[in-house]
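Text of work.cif (mmCIF, C-alpha atoms) as supplied:
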data_entry
#
loop_
_atom_site.label_atom_id
_atom_site.label_comp_id
_atom_site.auth_asym_id
_atom_site.auth_seq_id
_atom_site.Cartn_x
_atom_site.Cartn_y
_atom_site.Cartn_z
CA MET A 175 0.00 0.00 0.00
CA GLN A 176 1.04 3.58 -0.62
CA ILE A 177 -0.10 6.61 1.38
CA LYS A 178 -0.59 10.02 -0.15
CA LEU A 179 -1.32 13.26 1.66
CA LEU A 180 -2.88 16.03 -0.43
CA ALA A 181 -3.08 19.61 0.81
CA ILE A 182 -4.20 22.91 -0.66
CA GLY A 183 -1.57 25.67 -0.70
CA LYS A 184 2.12 25.71 0.11
CA THR A 185 3.66 26.01 3.57
CA ASP A 186 5.24 29.42 3.99
CA HIS A 187 6.85 28.82 7.40
CA GLN A 188 10.39 27.54 6.87
CA GLN A 189 10.72 25.95 10.34
CA LEU A 190 7.44 24.11 9.89
CA GLN A 191 8.54 22.88 6.46
CA LEU A 192 11.78 21.54 7.96
CA LEU A 193 9.81 19.49 10.49
CA ILE A 194 7.45 18.23 7.77
CA ASP A 195 10.48 17.20 5.68
CA ASP A 196 12.02 15.39 8.66
CA TYR A 197 8.92 13.32 9.41
CA GLN A 198 8.32 12.68 5.73
CA LYS A 199 11.84 11.25 5.48
CA ARG A 200 11.31 9.09 8.59
CA LEU A 201 7.99 7.83 7.27
CA GLY A 202 9.69 6.74 4.05
CA PHE A 203 11.46 3.97 5.96
CA TYR A 204 8.11 2.27 6.62
CA ILE A 205 5.91 2.86 3.60
CA LYS A 206 5.86 4.54 0.23
CA PHE A 207 4.61 8.02 1.07
CA GLU A 208 3.88 11.02 -1.11
CA PHE A 209 3.00 14.52 0.05
CA GLU A 210 1.52 16.61 -2.74
CA ILE A 211 0.62 20.27 -2.60
CA ILE A 212 -2.16 21.64 -4.78
CA PRO A 213 -1.38 25.32 -5.44
CA ASP A 214 -3.63 27.98 -3.94
CA LEU A 215 -6.34 29.22 -6.27
CA LYS A 216 -5.49 32.39 -8.13
CA LYS A 217 -7.80 35.33 -7.40
CA ALA A 218 -9.54 33.37 -4.64
CA LYS A 219 -10.63 36.66 -3.05
CA ASN A 220 -12.98 37.15 -6.00
CA LEU A 221 -14.70 33.81 -5.34
CA SER A 222 -17.47 32.98 -2.91
CA GLU A 223 -16.85 30.24 -0.33
CA ASP A 224 -18.88 27.77 -2.41
CA GLN A 225 -17.02 28.67 -5.61
CA GLN A 226 -13.70 28.25 -3.85
CA LYS A 227 -14.72 24.83 -2.44
CA GLN A 228 -15.94 23.79 -5.89
CA LYS A 229 -12.72 24.76 -7.68
CA GLU A 230 -10.50 23.21 -4.98
CA GLY A 231 -12.66 20.07 -5.11
CA GLU A 232 -12.13 19.75 -8.86
CA LEU A 233 -8.36 20.03 -8.37
CA LEU A 234 -8.41 17.44 -5.56
CA LEU A 235 -10.54 14.94 -7.45
CA ALA A 236 -8.27 15.26 -10.51
CA LYS A 237 -5.40 13.92 -8.35
CA LEU A 238 -7.21 10.68 -7.49
CA GLY A 239 -7.00 7.35 -9.22
CA ASN A 240 -10.03 5.10 -9.72
CA THR A 241 -8.99 2.69 -6.96
CA ASP A 242 -7.74 5.25 -4.42
CA VAL A 243 -9.37 5.20 -1.00
CA LEU A 244 -10.06 8.81 -0.03
CA ILE A 245 -10.10 9.89 3.63
CA LEU A 246 -10.86 13.51 4.47
CA LEU A 247 -9.36 15.34 7.42
CA ASP A 248 -12.53 16.98 8.67
CA GLU A 249 -13.52 18.53 11.99
CA ASN A 250 -16.59 16.27 12.06
CA GLY A 251 -14.65 13.10 11.38
CA LYS A 252 -13.94 10.14 13.62
CA GLN A 253 -11.30 10.70 16.29
CA PHE A 254 -8.66 8.15 17.23
CA ASP A 255 -5.95 7.87 19.80
CA SER A 256 -2.57 6.98 18.28
CA VAL A 257 -2.87 3.23 18.90
CA ALA A 258 -6.36 3.08 17.38
CA PHE A 259 -5.11 5.08 14.38
CA SER A 260 -2.31 2.55 13.86
CA ASP A 261 -4.95 -0.22 13.92
CA TYR A 262 -7.00 1.78 11.38
CA LEU A 263 -4.00 1.94 9.05
CA GLN A 264 -3.27 -1.76 9.53
CA LYS A 265 -6.84 -2.66 8.53
CA HIS A 266 -6.44 -0.62 5.33
CA MET A 267 -3.12 -2.32 4.58
CA ASN A 268 -4.69 -5.74 5.17
CA SER A 269 -7.57 -4.91 2.83
CA GLY A 270 -5.26 -4.94 -0.19
CA ILE A 271 -5.88 -1.39 -1.40
CA LYS A 272 -3.16 0.18 -3.51
CA GLN A 273 -3.30 3.76 -2.29
CA LEU A 274 -4.79 5.46 0.75
CA VAL A 275 -5.20 9.20 0.22
CA PHE A 276 -5.66 11.64 3.09
CA VAL A 277 -6.76 15.17 2.15
CA ILE A 278 -6.40 18.45 4.00
CA GLY A 279 -8.87 20.84 2.40
CA GLY A 280 -8.84 24.56 1.96
CA PRO A 281 -10.05 27.13 4.48
CA TYR A 282 -13.75 26.46 3.80
CA GLY A 283 -13.65 22.67 3.73
CA PHE A 284 -14.70 20.39 0.89
CA SER A 285 -17.20 20.48 -1.95
CA GLN A 286 -20.13 18.07 -2.02
CA GLU A 287 -18.43 16.12 -4.81
CA VAL A 288 -15.39 15.51 -2.61
CA TYR A 289 -17.58 14.40 0.32
CA GLN A 290 -19.43 12.00 -2.00
CA LYS A 291 -16.18 10.44 -3.25
CA ALA A 292 -14.74 10.04 0.27
CA HIS A 293 -14.58 6.67 2.00
CA GLY A 294 -14.36 8.27 5.43
CA LYS A 295 -13.53 11.30 7.54
CA ILE A 296 -11.13 11.61 10.44
CA SER A 297 -10.47 14.46 12.84
CA LEU A 298 -7.15 15.00 14.58
CA SER A 299 -8.72 17.05 17.37
CA LYS A 300 -11.80 18.97 18.43
CA MET A 301 -9.53 22.02 18.55
CA THR A 302 -8.95 24.19 15.50
CA PHE A 303 -5.46 24.25 13.99
CA SER A 304 -4.05 26.05 10.98
CA HIS A 305 -4.02 24.02 7.78
CA GLN A 306 -0.24 24.31 7.79
CA MET A 307 0.08 22.81 11.27
CA ILE A 308 -2.26 19.94 10.40
CA ARG A 309 0.21 18.83 7.71
CA LEU A 310 2.91 18.33 10.31
CA PHE A 311 0.53 16.69 12.80
CA MET A 312 -0.80 14.27 10.19
CA ILE A 313 2.61 13.20 8.92
CA GLU A 314 3.86 12.80 12.50
CA GLN A 315 0.83 10.67 13.40
CA LEU A 316 1.42 8.48 10.34
CA TYR A 317 5.03 8.03 11.44
CA ARG A 318 3.93 7.30 15.01
CA ALA A 319 1.40 4.74 13.76
CA PHE A 320 4.09 2.78 11.94
CA THR A 321 6.40 2.83 14.95
CA ILE A 322 3.50 1.46 17.02
CA LEU A 323 2.85 -1.28 14.45
CA ARG A 324 6.54 -2.24 14.60
CA ASN A 325 6.68 -2.06 18.42
CA GLU A 326 9.41 0.58 18.27
CA PRO A 327 10.06 2.82 21.29
CA TYR A 328 8.97 6.15 19.71
CA HIS A 329 5.49 5.86 21.22
CA HIS A 330 5.37 5.29 24.97
CA ARG A 331 2.33 3.48 26.32
#

Please go through the file and, once you have read it, give me the structure as structure tokens.
Amino acid sequence: MQIKLLAIGKTDHQQLQLLIDDYQKRLGFYIKFEFEIIPDLKKAKNLSEDQQKQKEGELLLAKLGNTDVLILLDENGKQFDSVAFSDYLQKHMNSGIKQLVFVIGGPYGFSQEVYQKAHGKISLSKMTFSHQMIRLFMIEQLYRAFTILRNEPYHHR
């Protein structure tokens, strides 16, 4: 199985990007992982929230293959502790899917078309975080999940 993380807009904080790069490199020792950025929409200020969600949704859906399993990072999604999240990943790996795709949407969330294509929603917290911070948190939790699955000492129980 391969894991892909899609996000709208680039990270403009250099220190944050260094941490993302570090965890992305670590994660590569466990699984084939790809982190893809979809550029911010041009002239987004001229678009309504719905128009922006629609255009971002079209860009997101264009990045998906027919057999990809799409999971949205959404404030109303299912919450896991780290051990349960590692079990969640293991179940997906055992199912024989080729690619699991996690998506961090834009500032207004996802279009209806993206919700309809999704196989599930997860939430990292009830708290609100910046979309840039969520990238780091998600990649770190993926890394943590694989260390848990391998019984490595990164995660202390």

Checklist entry - Please, what distance in Å, to one decimal, runs between atom CA of Leu246 of chain A and atom CA of Val288 of chain A? => result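 Spanning atom CA of Leu246 of chain A to atom CA of Val288 of chain A is a straight-line distance of 8.6 Å.
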
Item to check | Separation of atom CA of Gly183 of chain A from atom CA of Ser222 of chain A in Å | outcome: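 So the answer is 17.6 Å.
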
Next on the checklist: Report, in Å to a single decimal, how far apart atom CA of Leu263 of chain A and atom CA of Phe207 of chain A are.
Outcome noted: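 We find that atom CA of Phe207 of chain A and atom CA of Leu263 of chain A lie 13.2 Å from each other.
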
Checklist entry - Out of A:His329, A:His293, A:Lys265, A:Lys217, which residue has the shortest atom-to-atom distance to Val277 of chain A when counting only C-alpha atoms? => result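 Among the listed residues, A:His293 lies closest to Val277 of chain A.
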
Checklist entry - Out of A:Met301, A:Ala292, A:Met312, A:Leu234, which residue has the shortest atom-to-atom distance to Leu180 of chain A when counting all atoms listed in the file? => result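 Going through A:Met301, A:Ala292, A:Met312, A:Leu234 one by one, the smallest distance to Leu180 of chain A is for A:Leu234.
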
Checklist entry - Of the candidates A:Gly251, A:Gly294, A:Gly202, A:Pro213, which one gets nearest to Gly280 of chain A if we count all atoms listed in the file? => result A:Pro213

Checklist entry - Pick from A:Glu249, A:Gln286, A:Arg309, A:Leu323: nearest to Tyr262 of chain A, with only C-alpha atoms counted? => result A:Leu323

Checklist entry - With distances taken over all atoms listed in the file, which of A:Lys272, A:His305, A:His266, A:Lys178 is nearest to Leu190 of chain A? => result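 Among the listed residues, A:His305 lies closest to Leu190 of chain A.
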
Checklist entry - Which is closer to Ser299 of chain A than all the others in A:Tyr204, A:Phe259, A:Tyr197, A:Phe254, using only C-alpha atoms? => result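 With only C-alpha atoms as the atom set, the closest residue is A:Phe254.
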
Checklist entry - For this file, the PyMOL selection byres ((chain A and resi 211) around 6) selects which residues, as a ChimeraX atom specification? => result /A:180-182,210,212

Please enclose the listed atoms of segment 322-329 of chain A in an axis-aligned box, pad each side by 5 Å, and write out the centre and the three edge lengths in Å, rounded to one decimal, as lines of an AutoDock Vina configuration file.
center_x = 6.5
center_y = 2.0
center_z = 17.9
size_x = 17.2
size_y = 18.4
size_z = 16.8

Next on the checklist: Neighbouring residues of Lys227 of chain A were defined as those with any atom within 10 Å, considering all atoms listed in the file; residues of the same chain fewer than 4 positions away were excluded. Please report them as a list in words.
Outcome noted: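 Result of the neighbour search: Leu221, Ser222, Glu223, Gly231, Glu232, Leu233, Gly279, Gly280, Pro281, Tyr282, Gly283, Phe284, Ser285, Gln286, Glu287 and Val288 of chain A.
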
Next on the checklist: Env of Ile194 of chain A: 9 Å cut, atoms = only C-alpha atoms, seq-sep filter 2 positions within chain, self excluded. Answer as a PyMOL selection string.
Outcome noted: chain A and resi 189-192+196-199+309-311+313-314

Item to check | Nearby residues, (-9.8, 11.9, -2.3) file frame, 6 Å, only C-alpha atoms, as a list in words | outcome: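 The distance filter leaves exactly Leu238, Leu244, Val275 and Ala292 of chain A.
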
Output C-alpha atoms of each residue in that selection to a file, as a PDB file, keeping the file's coordinate frame.
ATOM      1  CA  LEU A 238      -7.210  10.680  -7.490  1.00  0.00           C
ATOM      2  CA  LEU A 244     -10.060   8.810  -0.030  1.00  0.00           C
ATOM      3  CA  VAL A 275      -5.200   9.200   0.220  1.00  0.00           C
ATOM      4  CA  ALA A 292     -14.740  10.040   0.270  1.00  0.00           C
TER       5      ALA A 292
END

Next on the checklist: When the PyMOL selection byres ((chain A and resi 328) around 12) is applied to the structure above, which residues does it catch, written out as a list in words?
Outcome noted: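 Checking the PyMOL selection byres ((chain A and resi 328) around 12) against this file, the residues are Arg200, Ser256, Glu314, Gln315, Tyr317, Arg318, Ala319, Phe320, Thr321, Ile322, Leu323, Arg324, Asn325, Glu326, Pro327, His329, His330 and Arg331 of chain A.
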
Next on the checklist: Once the PyMOL selection byres ((chain A and resi 175) around 8) has been evaluated on this model, what residues remain selected, and can you format them as a list in words?
Outcome noted: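 With the PyMOL selection byres ((chain A and resi 175) around 8) on this model, the match is Gln176, Ile177, Ile205, Lys206, Met267, Gly270, Ile271, Lys272, Gln273 and Leu274 of chain A.
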